[in-house]
Every structure is written in structure tokens, then in C-alpha cells.
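> Sending over input_2.txt (compact mmCIF, C-alpha atoms and all ligand atoms).
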```
# COMPACT_ATOMS: atom_id res chain seq x y z
CA MET A 1 -140.18 96.54 15.04
CA PRO A 2 -136.77 97.63 16.36
CA GLU A 3 -136.57 97.62 20.16
CA LEU A 4 -133.94 99.45 22.20
CA ALA A 5 -131.08 97.07 21.51
CA GLU A 6 -131.69 97.00 17.75
CA VAL A 7 -131.86 100.80 17.78
CA GLU A 8 -128.46 100.89 19.51
CA PHE A 9 -127.14 98.47 16.88
CA PHE A 10 -128.29 100.85 14.12
CA ARG A 11 -126.72 103.86 15.90
CA LYS A 12 -123.40 102.05 15.76
CA GLN A 13 -123.69 101.61 11.98
CA TRP A 14 -123.13 105.35 11.57
CA GLU A 15 -120.21 105.46 14.03
CA PRO A 16 -117.54 105.30 11.29
CA GLY A 17 -118.91 108.67 10.14
CA LEU A 18 -118.18 110.42 13.47
CA GLY A 19 -115.74 113.34 13.24
CA LYS A 20 -116.17 113.52 9.46
CA ARG A 21 -117.79 116.15 7.30
CA VAL A 22 -120.95 115.67 5.30
CA GLN A 23 -120.21 116.67 1.71
CA GLU A 24 -123.81 116.46 0.69
CA ALA A 25 -127.14 115.48 2.25
CA LEU A 26 -129.62 113.79 -0.12
CA ILE A 27 -133.24 113.41 0.90
CA HIS A 28 -136.43 112.09 -0.64
CA GLU A 29 -138.37 115.31 -0.43
CA GLY A 30 -142.06 115.09 0.33
CA LYS A 31 -141.91 111.60 1.87
CA ARG A 32 -143.96 111.34 5.03
CA VAL A 33 -140.94 110.37 7.14
CA PHE A 34 -139.87 114.04 6.79
CA ARG A 35 -143.22 115.51 7.88
CA GLY A 36 -142.69 118.95 9.39
CA VAL A 37 -139.11 119.20 8.11
CA ASP A 38 -137.98 121.96 5.74
CA PRO A 39 -135.89 119.95 3.24
CA GLU A 40 -133.84 122.93 2.07
CA ALA A 41 -132.97 123.97 5.62
CA LEU A 42 -131.89 120.41 6.42
CA THR A 43 -129.68 119.92 3.38
CA ALA A 44 -128.15 123.40 3.71
CA ALA A 45 -127.36 122.92 7.42
CA LEU A 46 -125.75 119.51 6.94
CA LYS A 47 -123.65 120.39 3.90
CA GLY A 48 -120.11 120.79 5.23
CA ALA A 49 -121.12 119.98 8.83
CA LYS A 50 -119.26 117.35 10.86
CA LEU A 51 -121.09 114.51 12.57
CA VAL A 52 -119.92 115.02 16.15
CA ASP A 53 -122.05 112.80 18.37
CA SER A 54 -124.81 110.18 18.44
CA GLN A 55 -127.08 108.84 21.17
CA THR A 56 -130.07 106.57 21.63
CA ARG A 57 -132.91 106.80 24.12
CA GLY A 58 -135.30 103.89 23.93
CA LYS A 59 -136.40 103.83 20.29
CA GLN A 60 -135.18 107.37 19.50
CA LEU A 61 -131.87 108.31 17.91
CA LEU A 62 -130.22 111.72 17.96
CA PHE A 63 -127.25 112.81 15.81
CA ARG A 64 -125.44 116.09 16.52
CA PHE A 65 -123.65 117.96 13.76
CA SER A 66 -121.30 120.93 13.95
CA GLY A 67 -122.95 124.30 13.51
CA GLY A 68 -125.80 123.37 15.88
CA ALA A 69 -127.69 120.99 13.58
CA TRP A 70 -129.50 117.95 15.01
CA ILE A 71 -131.07 115.01 13.23
CA GLY A 72 -133.50 112.86 15.20
CA ILE A 73 -134.57 109.49 13.84
CA HIS A 74 -137.31 107.11 14.91
CA LEU A 75 -137.11 103.85 12.98
CA GLY A 76 -140.81 103.03 13.18
CA MET A 77 -141.68 99.51 12.00
CA SER A 78 -139.13 98.89 9.30
CA GLY A 79 -136.46 101.60 9.47
CA SER A 80 -132.75 100.86 9.59
CA LEU A 81 -129.41 102.66 9.39
CA ARG A 82 -126.36 101.48 7.52
CA ARG A 83 -123.22 102.72 5.84
CA GLU A 84 -122.11 102.08 2.27
CA ALA A 85 -119.06 102.95 0.17
CA HIS A 86 -118.65 106.53 -1.07
CA ASP A 87 -119.77 105.75 -4.63
CA PHE A 88 -123.00 104.03 -3.52
CA THR A 89 -126.18 105.27 -5.19
CA PRO A 90 -129.03 105.49 -2.66
CA GLY A 91 -132.00 103.26 -3.49
CA LYS A 92 -135.71 103.93 -3.54
CA HIS A 93 -136.10 103.31 0.21
CA ASP A 94 -132.94 105.17 1.29
CA HIS A 95 -134.74 108.37 2.24
CA LEU A 96 -131.76 110.15 3.80
CA ALA A 97 -128.16 109.80 2.57
CA LEU A 98 -125.26 111.69 4.10
CA VAL A 99 -122.35 111.56 1.71
CA GLN A 100 -118.92 111.72 3.36
CA ALA A 101 -115.45 111.47 1.82
CA ASP A 102 -115.12 107.75 2.58
CA GLY A 103 -118.69 106.50 2.82
CA VAL A 104 -122.41 107.21 2.79
CA LEU A 105 -124.63 107.09 5.89
CA LEU A 106 -128.10 105.86 5.00
CA TYR A 107 -131.51 105.83 6.59
CA HIS A 108 -133.63 103.14 4.92
CA ASP A 109 -137.35 102.67 5.52
CA PRO A 110 -139.59 100.73 3.08
CA ARG A 111 -142.82 101.13 5.06
CA MET A 112 -142.15 104.70 6.21
CA PHE A 113 -143.67 104.53 9.67
CA GLY A 114 -140.41 106.08 10.87
CA ARG A 115 -139.64 109.74 11.25
CA VAL A 116 -136.71 112.08 10.64
CA ARG A 117 -136.57 115.33 12.59
CA PHE A 118 -134.35 118.32 12.05
CA ASP A 119 -133.58 120.94 14.68
CA ARG A 120 -131.17 123.84 15.10
CA GLY A 121 -129.66 125.05 18.36
CA LYS A 122 -126.81 124.77 20.82
CA GLN A 123 -128.76 122.48 23.14
CA PRO A 124 -130.41 119.17 22.24
CA PRO A 125 -133.94 119.71 20.89
CA GLU A 126 -136.78 120.02 23.36
CA TRP A 127 -138.54 116.83 22.24
CA TRP A 128 -135.35 114.93 23.12
CA SER A 129 -134.94 116.52 26.55
CA GLN A 130 -138.52 115.65 27.37
CA LEU A 131 -138.19 111.92 26.65
CA PRO A 132 -138.89 109.71 29.67
CA PRO A 133 -135.86 108.17 31.44
CA VAL A 134 -134.63 104.95 29.86
CA VAL A 135 -134.82 101.74 31.88
CA THR A 136 -131.02 101.45 32.23
CA SER A 137 -130.59 105.03 33.52
CA PRO A 138 -130.20 106.10 37.18
CA GLU A 139 -133.41 108.14 36.81
CA PHE A 140 -135.42 104.95 36.28
CA THR A 141 -135.89 104.36 40.01
CA GLN A 142 -137.99 101.80 41.86
CA ALA A 143 -140.03 104.66 43.30
CA ARG A 144 -140.77 106.06 39.84
CA LEU A 145 -141.89 102.66 38.58
CA ALA A 146 -144.05 101.99 41.67
CA GLU A 147 -145.72 105.36 41.30
CA ALA A 148 -146.41 104.87 37.58
CA LEU A 149 -147.85 101.38 38.11
CA SER A 150 -150.11 102.51 40.94
CA ARG A 151 -151.59 105.15 38.63
CA ARG A 152 -152.63 102.49 36.11
CA LYS A 153 -156.00 101.47 37.47
CA LEU A 154 -156.85 99.29 34.50
CA GLY A 155 -154.99 97.07 32.14
CA PRO A 156 -152.64 94.14 32.42
CA ILE A 157 -148.99 94.46 33.39
CA LYS A 158 -148.05 93.47 29.82
CA ALA A 159 -149.68 96.71 28.57
CA ALA A 160 -147.68 98.73 31.12
CA LEU A 161 -144.44 97.19 29.83
CA LEU A 162 -145.32 98.18 26.26
CA ASP A 163 -146.11 101.77 27.32
CA GLN A 164 -143.30 103.84 25.78
CA SER A 165 -143.67 106.60 28.38
CA LEU A 166 -142.88 104.08 31.11
CA PHE A 167 -140.52 101.56 29.48
CA PRO A 168 -139.07 103.38 26.46
CA GLY A 169 -137.65 101.02 23.87
CA VAL A 170 -139.23 97.89 25.31
CA GLY A 171 -141.24 95.99 22.73
CA ASN A 172 -143.11 92.71 22.59
CA TRP A 173 -140.40 90.11 23.08
CA MET A 174 -138.59 92.12 25.76
CA ALA A 175 -141.83 92.58 27.68
CA ASP A 176 -142.42 88.81 27.64
CA GLU A 177 -138.83 88.18 28.73
CA ILE A 178 -139.13 90.61 31.65
CA LEU A 179 -142.44 89.08 32.80
CA TRP A 180 -141.13 85.53 32.53
CA ARG A 181 -138.04 86.41 34.59
CA SER A 182 -140.20 88.27 37.12
CA ARG A 183 -142.57 85.26 37.34
CA LEU A 184 -145.59 87.43 36.62
CA ASP A 185 -148.64 86.38 34.61
CA PRO A 186 -148.85 88.94 31.76
CA ARG A 187 -152.58 89.37 32.43
CA THR A 188 -152.09 90.50 36.06
CA PRO A 189 -153.56 93.99 36.55
CA ALA A 190 -150.64 96.43 36.78
CA ALA A 191 -152.05 98.12 39.87
CA ALA A 192 -152.38 94.76 41.69
CA LEU A 193 -148.64 94.06 41.93
CA THR A 194 -147.26 93.71 45.45
CA SER A 195 -144.30 95.77 46.51
CA ALA A 196 -142.03 92.69 46.22
CA GLU A 197 -143.35 91.99 42.70
CA ARG A 198 -142.70 95.60 41.64
CA THR A 199 -139.14 95.37 42.95
CA GLU A 200 -138.54 92.15 41.04
CA LEU A 201 -140.04 93.65 37.87
CA TRP A 202 -137.78 96.71 38.20
CA LYS A 203 -134.69 94.50 38.62
CA GLN A 204 -135.54 92.20 35.73
CA ALA A 205 -136.46 95.08 33.41
CA ARG A 206 -133.05 96.63 34.00
CA LEU A 207 -131.28 93.31 33.57
CA VAL A 208 -133.07 92.45 30.30
CA CYS A 209 -132.43 95.94 28.86
CA ARG A 210 -128.76 96.03 29.90
CA THR A 211 -128.07 92.51 28.63
CA SER A 212 -129.86 93.14 25.32
CA LEU A 213 -127.81 96.30 24.75
CA ARG A 214 -124.65 94.31 25.45
CA THR A 215 -125.51 91.45 23.10
CA ILE A 216 -127.92 92.51 20.33
CA GLY A 217 -126.87 96.18 20.52
CA VAL A 218 -123.21 95.41 19.85
CA ASP A 219 -123.26 92.98 16.95
CA TRP A 220 -126.86 91.81 16.54
CA GLY A 221 -125.93 88.79 18.64
CA ASP A 222 -128.56 86.70 20.39
CA PRO A 223 -129.45 87.17 24.05
CA PRO A 224 -127.78 84.60 26.35
CA PRO A 225 -128.83 80.92 26.30
CA GLY A 226 -131.70 80.10 28.63
CA TRP A 227 -133.73 83.19 27.73
CA LEU A 228 -137.37 82.87 26.75
CA PHE A 229 -136.40 84.75 23.56
CA HIS A 230 -135.02 81.55 22.02
CA VAL A 231 -138.27 79.59 22.30
CA ARG A 232 -141.06 82.16 22.34
CA TRP A 233 -141.35 82.32 18.54
CA LYS A 234 -141.62 78.58 18.04
CA LYS A 235 -144.91 76.79 17.93
CA GLY A 236 -144.91 74.34 20.79
CA GLY A 237 -141.94 75.94 22.54
CA SER A 238 -141.35 75.01 26.14
CA CYS A 239 -140.23 76.95 29.20
CA PRO A 240 -136.40 77.04 29.49
CA ARG A 241 -136.71 76.64 33.29
CA ASP A 242 -139.04 73.68 33.68
CA GLY A 243 -139.96 72.38 30.21
CA GLU A 244 -143.64 73.28 30.63
CA SER A 245 -145.42 74.01 27.31
CA LEU A 246 -145.67 77.74 26.75
CA GLN A 247 -149.03 79.47 26.70
CA ARG A 248 -149.81 81.85 23.86
CA ALA A 249 -152.58 84.40 23.71
CA GLU A 250 -153.20 87.96 22.73
CA VAL A 251 -152.58 90.22 25.73
CA ALA A 252 -152.58 94.01 25.39
CA GLY A 253 -153.13 93.51 21.66
CA ARG A 254 -149.91 91.56 21.14
CA THR A 255 -149.11 87.87 20.87
CA THR A 256 -147.79 86.95 24.28
CA ALA A 257 -145.94 83.83 25.42
CA TRP A 258 -145.65 82.74 29.02
CA CYS A 259 -145.26 79.69 31.28
CA GLU A 260 -148.25 78.87 33.47
CA ARG A 261 -146.06 77.08 35.99
CA CYS A 262 -143.54 79.92 36.44
CA GLN A 263 -146.08 82.69 35.98
CA PRO A 264 -149.22 81.45 37.77
CA ALA A 265 -152.46 83.41 37.45
CA ASN A 266 -153.50 85.11 40.68
ZN ZN B 1 -141.72 77.65 33.51
```
For this file, write the structure as C-alpha cells.


Amino acid sequence: MPELAEVEFFRKQWEPGLGKRVQEALIHEGKRVFRGVDPEALTAALKGAKLVDSQTRGKQLLFRFSGGAWIGIHLGMSGSLRREAHDFTPGKHDHLALVQADGVLLYHDPRMFGRVRFDRGKQPPEWWSQLPPVVTSPEFTQARLAEALSRRKLGPIKAALLDQSLFPGVGNWMADEILWRSRLDPRTPAAALTSAERTELWKQARLVCRTSLRTIGVDWGDPPPGWLFHVRWKKGGSCPRDGESLQRAEVAGRTTAWCERCQPAN
């Protein structure tokens, strides 16, 4: 499932289309990724419109077109964006294709857990404006995090990290990376964190998100050496800090890897 850095990588795939007109918008009408969208309104609004801007927030993407048209995309489990040559014929899973003079911008999604939204207006759509602040933004303050964690009476800290209203765009591997760097056992109740632990978690969450955007988000590169990322998938992987065998268990419904020595249980 794409996490925030992969989403940023996909946003960049459409960057060559910025400032250029859409000659034609082709969509797979009736597919569930377009639920709630009027296909004729979408294709009519995009025909002849210029792609003027693109942004990501966590796992959400927003594309602004001239004439006050907005396309929002959530990639779901298996969605991706790419660009092909002008004469490319969209395939069965290319549900949205924006044909431009020198290329085609494609949204591809075989499993269709993603979603395409269409809005009109001068301002960004309301759903976008209401998204929670992303971890790398100035609005993601220590105070906000402390307040949100104190409200979670139940549940492990790992579940809090996967909560998209609190850490938008953070998925399973990033959550494990943040906890490992913060030296927190993933099973620790979120509300039980000390003030010092919350501060460390806030710092490491920002660092992991920023660094991922800089590495994976730019060219699908790997995170820096020494990250848990490189060993957490392997059976029998060991902690990059101390060589201790990693623990693996289901926490918050997801396979979780951690080091018992670095992240001792309370
Ligand atoms: Zn360790």
C-alpha cells in the first residue's frame, strides 16, 4: 500500500504534464473508483483545461486544472500514476487517462480500492481543506500530538501511528521505523507514554517522514543505510543498532517488527 513517500513519487510522475492542456480525458465509466463522480461533467471540464498544480497530503493527491476543475486521487492498495507517450492506448486497469499533446497521464489501479474525485470551484475542495495536518507540516505540533495521544485511552502506540487522522500517510513500515528510532515497544499503550517519550516520538516521526520524502519520494530510492526498513522484511533479520534478533508479531492488526533490546516492554 503506498505510504506518503510513494504517493509523492507518483505525484511527480505527472509533473511533465504541468502547464499543458488536456486534449481529452478518458475514463472507465461505472468503475467503483469513480463512485459519486459524474463522468460527463469530469470529461467535459477537463477537455481543453490546463494542469496547473499538484499537491500531496499524506496518502491524498490533488490536481488543479484551469477553469476551476480539481481531481483528487487516493491510490488505495494498488493504485499508481505514470506517464506514457502520446500514442499510448490505455490498458484495462488504466481507469483515467489524460491525453496531452506530448504524452498521456495515467491512473492505474488493478484492485480498485483507490478513489478518484472530481470537484469544481475556485478554492480547493472542502474534503481537501479538512484533511488533518501532515507530519512534516508546521501544524503538526508536539502539543497536538500529546493531546491526541492522551485522548486514546485504549490501544497500542502502533495503532496510533497507523491512524490516518493522526499520522496521515504513515503506513506499516514507517510506523515500525518511527517506533524503533523512538525506542518504544509497539505494544505500549498510547496513553501511557511519558512526556519525554512523546517528544521523541514527535521528533522521529518528522525525521522518518521528511527523509522518506527526500529519498523514496524523489526517485523511489531506498531510505538511508542503517534503517530498520532494510531488515524488517527478512525472516531472521537483526537490529541494525545491536544485532539482536528482531521480534515479529501482529500488533494493531499488522505484522510488526521490533527489537526487544532497543524497545523494551514496560
Ligand atoms: Zn536493537

> Residues contacting ligand ZN 1 (chain B) - anything with an atom at most 9 Å away, using only C-alpha atoms and all ligand atoms - can you give me those as a list in words?

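These are the residues that qualify: Trp180, Arg183, Ser238, Cys239, Pro240, Arg241, Asp242, Gly243, Glu244, Ser245, Leu246, Trp258, Cys259, Glu260, Arg261, Cys262 and Gln263 of chain A.
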
> Could you save those same residues with C-alpha atoms as a PDB file, in the frame of the given file?


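Done, and the output landed in out.pdb:
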```pdb
ATOM      1  CA  TRP A 180    -141.130  85.530  32.530  1.00  0.00           C
ATOM      2  CA  ARG A 183    -142.570  85.260  37.340  1.00  0.00           C
ATOM      3  CA  SER A 238    -141.350  75.010  26.140  1.00  0.00           C
ATOM      4  CA  CYS A 239    -140.230  76.950  29.200  1.00  0.00           C
ATOM      5  CA  PRO A 240    -136.400  77.040  29.490  1.00  0.00           C
ATOM      6  CA  ARG A 241    -136.710  76.640  33.290  1.00  0.00           C
ATOM      7  CA  ASP A 242    -139.040  73.680  33.680  1.00  0.00           C
ATOM      8  CA  GLY A 243    -139.960  72.380  30.210  1.00  0.00           C
ATOM      9  CA  GLU A 244    -143.640  73.280  30.630  1.00  0.00           C
ATOM     10  CA  SER A 245    -145.420  74.010  27.310  1.00  0.00           C
ATOM     11  CA  LEU A 246    -145.670  77.740  26.750  1.00  0.00           C
ATOM     12  CA  TRP A 258    -145.650  82.740  29.020  1.00  0.00           C
ATOM     13  CA  CYS A 259    -145.260  79.690  31.280  1.00  0.00           C
ATOM     14  CA  GLU A 260    -148.250  78.870  33.470  1.00  0.00           C
ATOM     15  CA  ARG A 261    -146.060  77.080  35.990  1.00  0.00           C
ATOM     16  CA  CYS A 262    -143.540  79.920  36.440  1.00  0.00           C
ATOM     17  CA  GLN A 263    -146.080  82.690  35.980  1.00  0.00           C
TER      18      GLN A 263
END
```

> Between A:Arg206, A:Lys59, A:Arg117, A:Lys235, single out the one closest to Ala41 (chain A), counting only C-alpha atoms.

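Ranked by minimum distance to Ala41 (chain A), first place goes to A:Arg117.
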
> Find the distance between CA of Lys20 (chain A) and CA of Val99 (chain A) and write it in Å to one decimal.

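CA of Lys20 (chain A) sits 10.1 Å away from CA of Val99 (chain A).
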
> When you count all atoms listed in the file, which of these residues is closest to Leu46 (chain A): A:Lys92, A:Lys12, A:Arg151, A:Arg120?

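Under the stated criterion, the closest residue is A:Arg120.
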
> Counting only C-alpha atoms, which of A:Gly68, A:Pro16, A:Gly30, A:Gly48 gets nearest to Val116 (chain A)?

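Distance minimum relative to Val116 (chain A) lands on A:Gly30.
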
> Would you work out the distance separating CA of Val218 (chain A) from CA of Val52 (chain A), expressed in Å to one decimal?

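According to the coordinates, CA of Val218 (chain A) and CA of Val52 (chain A) are separated by 20.2 Å.
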
> What is the distance, in Å and to one decimal place, between CA of Phe9 (chain A) and CA of Gly114 (chain A)?

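Between CA of Phe9 (chain A) and CA of Gly114 (chain A) the gap is 16.4 Å.
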
> Show which residues sit within 7 Å of Ala191 (chain A), as number ranges by chain. Count all atoms listed in the file, and ignore same-chain residues fewer than 2 positions away.

A: 149-150, 152-153, 189, 193

> For the residues selected in the previous step, produce a file with C-alpha atoms as a PDB file, in the frame of the given file.


```pdb
ATOM      1  CA  LEU A 149    -147.850 101.380  38.110  1.00  0.00           C
ATOM      2  CA  SER A 150    -150.110 102.510  40.940  1.00  0.00           C
ATOM      3  CA  ARG A 152    -152.630 102.490  36.110  1.00  0.00           C
ATOM      4  CA  LYS A 153    -156.000 101.470  37.470  1.00  0.00           C
ATOM      5  CA  PRO A 189    -153.560  93.990  36.550  1.00  0.00           C
ATOM      6  CA  LEU A 193    -148.640  94.060  41.930  1.00  0.00           C
TER       7      LEU A 193
END
```

> Rank nothing, just name the residue among A:Ile178, A:Ala190, A:Val134, A:Cys209 nearest to Leu154 (chain A), using all atoms listed in the file.

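For Leu154 (chain A), the nearest of the candidates is A:Ala190.
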
> Taking all atoms listed in the file into account, which of A:Gly19, A:Pro186, A:Gly237, A:Pro2 comes nearest Ala101 (chain A)?

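Ranked by minimum distance to Ala101 (chain A), first place goes to A:Gly19.
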
> For Gly217 (chain A), find every residue with an atom within 12 Å (counting only C-alpha atoms), except residues of its own chain fewer than 2 positions away, and show them as a list in words.

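Contacts, in chain order: Pro2, Glu3, Leu4, Ala5, Glu6, Val7, Glu8, Phe9, Phe10, Arg11, Lys12, Gln13, Thr56, Gly58, Cys209, Arg210, Thr211, Ser212, Leu213, Arg214, Thr215, Asp219, Trp220, Gly221, Asp222 and Pro223 of chain A.
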
> Taking all atoms listed in the file into account, name the residue in A:Ala265, A:Ile73, A:Ala159, A:Leu51 that is nearest to Trp127 (chain A).

A:Ile73

> Would you mind listing what lies within 9 Å of Phe113 (chain A) as a PyMOL selection string, with only C-alpha atoms counted and same-chain residues fewer than 2 positions away left out?

chain A and resi 32-33+74-79+109-111+115

> Tell me which protein, DNA and RNA residues are within 10 Å of Pro133 (chain A), counting only C-alpha atoms, leaving out same-chain ones fewer than 4 positions away, and put them as a list in words.

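Within the cut-off, the hits are Arg57, Gly58, Ser129, Ser137, Pro138, Glu139, Phe140, Thr141, Arg144, Ser165, Leu166, Phe167 and Pro168 of chain A.
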
> Could you write out as AutoDock Vina command-line options the box around region 5-11 of chain A (axis-aligned, all atoms listed in the file, 3 Å on each side), with centre and edge lengths in Å to one decimal?


```
--center_x -129.3 --center_y 100.4 --center_z 17.8 --size_x 11.1 --size_y 12.9 --size_z 13.4
```

> For Gly72 (chain A), work out the shell of residues within 10 Å, counting all atoms listed in the file and skipping chain neighbours fewer than 4 positions away, then give it as a VMD selection string.

chain A and resid 54 to 56 60 to 64 115 to 119 124 to 125 127 to 128
